[in-house]
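> Take a look at the following structure, please.
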Amino acid sequence: MVTEPVSESDAGVLAQSFKALSDPVRLRLLSLIAARAGQEVCVCDLLDAFTQTAPTISHHLKVLRDAGLITGERRASWVYYRVVPAALSALSQLLDASAMTPRQTPA
């Protein structure tokens with residue numbers, strides 16, 4: 001993506017992802033889920049890392065789901081989350097300045 005301008009539709013999707021990640025709690029949640037290296041994590045395992053209430057954490061997880069950064073699967077009374085690798089890859093590629101050729105380097 002660094003080699004070509006982002007399309008209008010892609011910019012909208014990426015902006016929603018960045019907006020979701022602009023909150024420190026959501027950024028930490030995504031980090032905790034991503035740290036499981038492709039495995040899923042139960043919301044019950046995430047709650048102890050935060051001082052916020054379970055409903056507040058659930059709200060933040062919903063924002064991350066709505067942005068397409070994570071998926072969730074309900075099993076009995078708990079929801080298990082995992083990252084969406086393609087979504088993280090798109091964000092990573094956009095921010096990867098090392099992929100720029102010398103003529104693309106900002107002045």
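Each chain in the structure tokens gets a letter, A, B, ..., in the order shown, and its residues are numbered from 1; ligands are numbered from 1 in order too.
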Determine, counting only C-alpha atoms, which protein, DNA and RNA residues have an atom within 10 Å of an atom of range 15-31 of chain A; residues of the same chain fewer than 4 positions away are not included. Present the result as a VMD selection string.

chain A and resid 9 to 11 35 to 36 43 46 to 47 49 to 50 52 56 to 57 59 to 70 81 to 83 87 to 88 90 to 91

> Could you write out, as a ChimeraX atom specification, all the residues of chain A that DSSP marks as alpha helix (DSSP H)?

/A:8-21,24-34,43-46,54-66,85-95

> Include N, CA and C atoms and write out the residues we just selected as a short mmCIF file (atom, residue, chain, number, x, y, z; two decimals), in the first residue's frame.


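That gives us out_3.cif:
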```
data_model
loop_
_atom_site.label_atom_id
_atom_site.label_comp_id
_atom_site.auth_asym_id
_atom_site.auth_seq_id
_atom_site.Cartn_x
_atom_site.Cartn_y
_atom_site.Cartn_z
N GLU A 8 -10.22 5.34 -1.96
CA GLU A 8 -11.20 5.97 -1.06
C GLU A 8 -11.87 4.92 -0.18
N SER A 9 -12.26 3.79 -0.75
CA SER A 9 -12.93 2.77 0.04
C SER A 9 -11.97 2.13 1.05
N ASP A 10 -10.73 1.87 0.63
CA ASP A 10 -9.74 1.32 1.57
C ASP A 10 -9.44 2.32 2.68
N ALA A 11 -9.39 3.59 2.35
CA ALA A 11 -9.13 4.61 3.36
C ALA A 11 -10.23 4.62 4.43
N GLY A 12 -11.46 4.41 4.01
CA GLY A 12 -12.57 4.35 4.97
C GLY A 12 -12.44 3.18 5.92
N VAL A 13 -12.08 2.02 5.39
CA VAL A 13 -11.90 0.83 6.22
C VAL A 13 -10.72 1.01 7.17
N LEU A 14 -9.62 1.50 6.63
CA LEU A 14 -8.42 1.70 7.46
C LEU A 14 -8.67 2.75 8.54
N ALA A 15 -9.38 3.80 8.20
CA ALA A 15 -9.67 4.85 9.18
C ALA A 15 -10.51 4.29 10.32
N GLN A 16 -11.46 3.42 10.01
CA GLN A 16 -12.27 2.79 11.06
C GLN A 16 -11.38 1.95 11.98
N SER A 17 -10.41 1.26 11.41
CA SER A 17 -9.49 0.46 12.21
C SER A 17 -8.64 1.35 13.11
N PHE A 18 -8.08 2.41 12.54
CA PHE A 18 -7.25 3.31 13.34
C PHE A 18 -8.08 4.01 14.42
N LYS A 19 -9.31 4.34 14.11
CA LYS A 19 -10.18 4.96 15.10
C LYS A 19 -10.42 4.00 16.25
N ALA A 20 -10.65 2.73 15.94
CA ALA A 20 -10.86 1.72 16.98
C ALA A 20 -9.62 1.59 17.85
N LEU A 21 -8.45 1.72 17.26
CA LEU A 21 -7.20 1.56 18.00
C LEU A 21 -6.76 2.84 18.71
N PRO A 24 -6.68 3.64 24.33
CA PRO A 24 -5.65 2.81 24.96
C PRO A 24 -6.14 1.44 25.42
N VAL A 25 -7.37 1.36 25.91
CA VAL A 25 -7.92 0.08 26.35
C VAL A 25 -8.06 -0.87 25.16
N ARG A 26 -8.59 -0.35 24.05
CA ARG A 26 -8.75 -1.21 22.86
C ARG A 26 -7.40 -1.62 22.29
N LEU A 27 -6.45 -0.71 22.30
CA LEU A 27 -5.11 -1.04 21.81
C LEU A 27 -4.50 -2.16 22.66
N ARG A 28 -4.66 -2.07 23.97
CA ARG A 28 -4.16 -3.13 24.86
C ARG A 28 -4.91 -4.44 24.64
N LEU A 29 -6.22 -4.36 24.48
CA LEU A 29 -6.99 -5.58 24.22
C LEU A 29 -6.50 -6.27 22.97
N LEU A 30 -6.32 -5.51 21.90
CA LEU A 30 -5.85 -6.11 20.65
C LEU A 30 -4.47 -6.71 20.86
N SER A 31 -3.62 -6.02 21.58
CA SER A 31 -2.27 -6.53 21.85
C SER A 31 -2.31 -7.83 22.64
N LEU A 32 -3.17 -7.91 23.65
CA LEU A 32 -3.29 -9.12 24.45
C LEU A 32 -3.79 -10.29 23.61
N ILE A 33 -4.74 -10.02 22.72
CA ILE A 33 -5.28 -11.08 21.87
C ILE A 33 -4.24 -11.49 20.83
N ALA A 34 -3.58 -10.52 20.23
CA ALA A 34 -2.57 -10.82 19.20
C ALA A 34 -1.37 -11.56 19.78
N VAL A 43 -12.60 -14.13 26.85
CA VAL A 43 -12.77 -12.81 27.46
C VAL A 43 -12.51 -12.90 28.96
N CYS A 44 -12.78 -14.05 29.55
CA CYS A 44 -12.53 -14.22 30.99
C CYS A 44 -11.05 -14.06 31.31
N ASP A 45 -10.17 -14.37 30.37
CA ASP A 45 -8.73 -14.22 30.58
C ASP A 45 -8.26 -12.79 30.36
N LEU A 46 -9.08 -11.97 29.74
CA LEU A 46 -8.72 -10.58 29.47
C LEU A 46 -9.11 -9.64 30.61
N ALA A 54 -16.59 -5.56 33.36
CA ALA A 54 -16.79 -6.52 32.26
C ALA A 54 -17.65 -5.91 31.14
N PRO A 55 -18.74 -5.19 31.45
CA PRO A 55 -19.52 -4.58 30.37
C PRO A 55 -18.71 -3.56 29.56
N THR A 56 -17.82 -2.82 30.23
CA THR A 56 -16.99 -1.84 29.52
C THR A 56 -16.01 -2.55 28.60
N ILE A 57 -15.39 -3.62 29.08
CA ILE A 57 -14.47 -4.39 28.25
C ILE A 57 -15.22 -5.00 27.07
N SER A 58 -16.42 -5.49 27.31
CA SER A 58 -17.23 -6.05 26.22
C SER A 58 -17.53 -4.99 25.16
N HIS A 59 -17.80 -3.78 25.60
CA HIS A 59 -18.04 -2.69 24.65
C HIS A 59 -16.81 -2.45 23.79
N HIS A 60 -15.64 -2.39 24.41
CA HIS A 60 -14.40 -2.17 23.67
C HIS A 60 -14.13 -3.31 22.68
N LEU A 61 -14.41 -4.53 23.10
CA LEU A 61 -14.24 -5.68 22.20
C LEU A 61 -15.20 -5.59 21.02
N LYS A 62 -16.40 -5.09 21.26
CA LYS A 62 -17.37 -4.92 20.16
C LYS A 62 -16.86 -3.90 19.15
N VAL A 63 -16.25 -2.83 19.62
CA VAL A 63 -15.70 -1.82 18.71
C VAL A 63 -14.60 -2.45 17.85
N LEU A 64 -13.74 -3.26 18.46
CA LEU A 64 -12.69 -3.94 17.70
C LEU A 64 -13.27 -4.93 16.70
N ARG A 65 -14.34 -5.63 17.09
CA ARG A 65 -15.03 -6.56 16.17
C ARG A 65 -15.66 -5.80 15.02
N ASP A 66 -16.35 -4.71 15.33
CA ASP A 66 -17.01 -3.91 14.29
C ASP A 66 -16.00 -3.33 13.30
N PRO A 85 -5.87 -11.75 10.93
CA PRO A 85 -4.54 -11.46 10.41
C PRO A 85 -4.53 -10.51 9.21
N ALA A 86 -5.48 -10.64 8.31
CA ALA A 86 -5.50 -9.78 7.12
C ALA A 86 -5.70 -8.32 7.51
N ALA A 87 -6.51 -8.07 8.53
CA ALA A 87 -6.74 -6.69 8.97
C ALA A 87 -5.48 -6.09 9.56
N LEU A 88 -4.78 -6.87 10.37
CA LEU A 88 -3.53 -6.37 10.96
C LEU A 88 -2.46 -6.20 9.89
N SER A 89 -2.46 -7.07 8.93
CA SER A 89 -1.50 -6.98 7.84
C SER A 89 -1.71 -5.70 7.03
N ALA A 90 -2.96 -5.36 6.77
CA ALA A 90 -3.26 -4.14 6.00
C ALA A 90 -2.76 -2.90 6.75
N LEU A 91 -2.99 -2.87 8.06
CA LEU A 91 -2.50 -1.73 8.85
C LEU A 91 -0.98 -1.69 8.85
N SER A 92 -0.38 -2.84 9.00
CA SER A 92 1.08 -2.94 9.04
C SER A 92 1.69 -2.48 7.71
N GLN A 93 1.13 -2.93 6.62
CA GLN A 93 1.66 -2.56 5.30
C GLN A 93 1.55 -1.06 5.08
N LEU A 94 0.47 -0.47 5.53
CA LEU A 94 0.29 0.97 5.34
C LEU A 94 1.34 1.75 6.12
N LEU A 95 1.71 1.25 7.28
CA LEU A 95 2.65 1.96 8.14
C LEU A 95 4.10 1.57 7.92
#
```

> If you run DSSP on this backbone, which residues of chain A come out as strand (DSSP E or B), and could you give them as number ranges by chain?

A: 41-42, 70-75, 78-83

> Would you put the residues from that selection into a file with N, CA and C atoms, as a PDB file, in the first residue's frame?


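What follows is the written file part32.pdb:
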```
ATOM      1  N   VAL A  41      -8.447 -16.371  22.631  1.00  0.00           N
ATOM      2  CA  VAL A  41      -8.367 -16.043  24.054  1.00  0.00           C
ATOM      3  C   VAL A  41      -9.781 -15.781  24.564  1.00  0.00           C
ATOM      4  N   CYS A  42     -10.070 -16.323  25.727  1.00  0.00           N
ATOM      5  CA  CYS A  42     -11.378 -16.134  26.349  1.00  0.00           C
ATOM      6  C   CYS A  42     -11.444 -14.743  26.963  1.00  0.00           C
ATOM      7  N   ILE A  70     -10.857  -8.097  15.081  1.00  0.00           N
ATOM      8  CA  ILE A  70     -10.946  -9.370  15.790  1.00  0.00           C
ATOM      9  C   ILE A  70     -12.264 -10.050  15.439  1.00  0.00           C
ATOM     10  N   THR A  71     -12.317 -11.346  15.705  1.00  0.00           N
ATOM     11  CA  THR A  71     -13.567 -12.097  15.594  1.00  0.00           C
ATOM     12  C   THR A  71     -13.839 -12.718  16.953  1.00  0.00           C
ATOM     13  N   GLY A  72     -15.093 -13.007  17.202  1.00  0.00           N
ATOM     14  CA  GLY A  72     -15.474 -13.620  18.467  1.00  0.00           C
ATOM     15  C   GLY A  72     -16.427 -14.769  18.244  1.00  0.00           C
ATOM     16  N   GLU A  73     -16.287 -15.782  19.077  1.00  0.00           N
ATOM     17  CA  GLU A  73     -17.174 -16.951  19.009  1.00  0.00           C
ATOM     18  C   GLU A  73     -17.665 -17.262  20.411  1.00  0.00           C
ATOM     19  N   ARG A  74     -18.992 -17.260  20.569  1.00  0.00           N
ATOM     20  CA  ARG A  74     -19.577 -17.548  21.885  1.00  0.00           C
ATOM     21  C   ARG A  74     -19.617 -19.052  22.109  1.00  0.00           C
ATOM     22  N   ARG A  75     -19.144 -19.436  23.293  1.00  0.00           N
ATOM     23  CA  ARG A  75     -19.230 -20.827  23.743  1.00  0.00           C
ATOM     24  C   ARG A  75     -19.747 -20.796  25.172  1.00  0.00           C
ATOM     25  N   TRP A  78     -19.129 -17.697  27.712  1.00  0.00           N
ATOM     26  CA  TRP A  78     -17.948 -16.896  27.397  1.00  0.00           C
ATOM     27  C   TRP A  78     -17.785 -16.712  25.897  1.00  0.00           C
ATOM     28  N   VAL A  79     -17.099 -15.645  25.528  1.00  0.00           N
ATOM     29  CA  VAL A  79     -16.775 -15.394  24.122  1.00  0.00           C
ATOM     30  C   VAL A  79     -15.261 -15.527  23.978  1.00  0.00           C
ATOM     31  N   TYR A  80     -14.842 -16.205  22.913  1.00  0.00           N
ATOM     32  CA  TYR A  80     -13.425 -16.414  22.620  1.00  0.00           C
ATOM     33  C   TYR A  80     -13.052 -15.560  21.410  1.00  0.00           C
ATOM     34  N   TYR A  81     -11.954 -14.821  21.534  1.00  0.00           N
ATOM     35  CA  TYR A  81     -11.553 -13.875  20.498  1.00  0.00           C
ATOM     36  C   TYR A  81     -10.232 -14.281  19.864  1.00  0.00           C
ATOM     37  N   ARG A  82     -10.084 -13.890  18.605  1.00  0.00           N
ATOM     38  CA  ARG A  82      -8.804 -14.025  17.902  1.00  0.00           C
ATOM     39  C   ARG A  82      -8.684 -12.860  16.933  1.00  0.00           C
ATOM     40  N   VAL A  83      -7.448 -12.525  16.579  1.00  0.00           N
ATOM     41  CA  VAL A  83      -7.225 -11.423  15.647  1.00  0.00           C
ATOM     42  C   VAL A  83      -7.565 -11.865  14.233  1.00  0.00           C
TER      43      VAL A  83
END
```
